[in-house]
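Visitor: Dumping the structure here so I can ask a few things about it.
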Amino acid sequence: RSDFVSLVASHLDSLSVGALKNFLLVRGSRCVGCKTRAHLRSAAIQVAHRLPLKLTNLILCEMESVFLFPGTTRRFLISDSRHKTLLASLLKGDAVFGLSPMPEVGVLSRVEEMTKTVDGAYSIKVRGEARFTID
């Protein structure tokens with residue numbers, strides 16, 4: 001057990017506050033009283049043994065050959081109308097969506113930055129939060 005906790009703790013140390021909140025969220029937990037990053041980290045360690053929940057009603061963006069891993073960031077240029085509509089619906093909520101490079105797996109992702117380019121496209125920075133499988 002202590003090896004597992006040490007491994008989890010070292011991974012959690014590298015996560016942002018938003019990523020820690022998502023870590024809790026996908027395991028069916030929230031830290032309502034958490035005021036600091038340390039509180040979130042402690043709460044995350046307590047639920048780390050739980051498997052991520054099945055996500056429903058997640059906006060899924062299927063992009064072949066586009067890989068994003070948990071804990072990493074990537075920039076995308078959004079220029080087609082279909083993806084602009086998806087982006088608009090994301091920004092009305094929590095800006096969390098599923099990015100799926102293949103039919104059976106994806107990464108829970110969050111829009112961190114967004115800027116509009118001169119030609120009307122959007123440059124977005126996305127962070128991978130947690131891996132999920134698609135049934």
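By order of appearance in the structure tokens: chains A, B, ..., then residues from 1 within every chain, and ligands from 1 in the order shown.
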Which residues, written as a PyMOL selection string, have at least one atom at most 8 Å from A:Arg30, with only C-alpha atoms counted and residues fewer than 5 positions away on the same chain left out?
Guide: chain A and resi 21+24-25
Visitor: Can you write just those residues out, N, CA and C atoms, as a PDB file, in the first residue's frame?
Guide:
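The new file result30.pdb reads:
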ATOM      1  N   LYS A  21      -8.752  18.592  -9.300  1.00  0.00           N
ATOM      2  CA  LYS A  21     -10.220  18.590  -9.200  1.00  0.00           C
ATOM      3  C   LYS A  21     -10.816  17.562 -10.141  1.00  0.00           C
ATOM      4  N   LEU A  24     -10.382  13.997  -8.879  1.00  0.00           N
ATOM      5  CA  LEU A  24     -11.439  13.672  -7.916  1.00  0.00           C
ATOM      6  C   LEU A  24     -12.763  13.434  -8.626  1.00  0.00           C
ATOM      7  N   LEU A  25     -13.099  14.311  -9.555  1.00  0.00           N
ATOM      8  CA  LEU A  25     -14.378  14.251 -10.254  1.00  0.00           C
ATOM      9  C   LEU A  25     -14.590  12.928 -10.969  1.00  0.00           C
TER      10      LEU A  25
END
Visitor: Within 10 Å of A:Val66, counting only C-alpha atoms, which residues show up once you throw out same-chain ones fewer than 4 positions away? Write them as a CSV table (one decimal) with C-alpha atoms, in the first residue's frame, please.
Guide:
chain,number,residue,atom,x,y,z
A,62,GLU,CA,-13.0,12.4,-32.4
A,74,ARG,CA,-1.2,20.6,-26.9
A,76,PHE,CA,-4.8,23.1,-31.8
A,99,LEU,CA,-10.6,13.8,-27.1
A,100,SER,CA,-10.6,10.5,-28.8
A,101,PRO,CA,-7.9,9.6,-31.4
A,102,MET,CA,-9.4,6.1,-31.9
Visitor: Using atom CA of A:Ile134 and atom CA of A:Cys61 as the two end points, give the distance in Å to one decimal.
Guide: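 A separation of 12.5 Å between them.
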Visitor: I need the residues of chain A that end up classed as helix (DSSP H, G or I) by DSSP on the backbone, written out as a VMD selection string.
Guide: chain A and resid 2 to 13 17 to 25 37 to 47 81 to 92
Visitor: Ranking A:Ala43, A:Ala88, A:Thr36, A:Glu104 by minimum distance to A:Glu64 and counting only C-alpha atoms, which one comes first?
Guide: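 For A:Glu64, the nearest of the given residues is A:Glu104.
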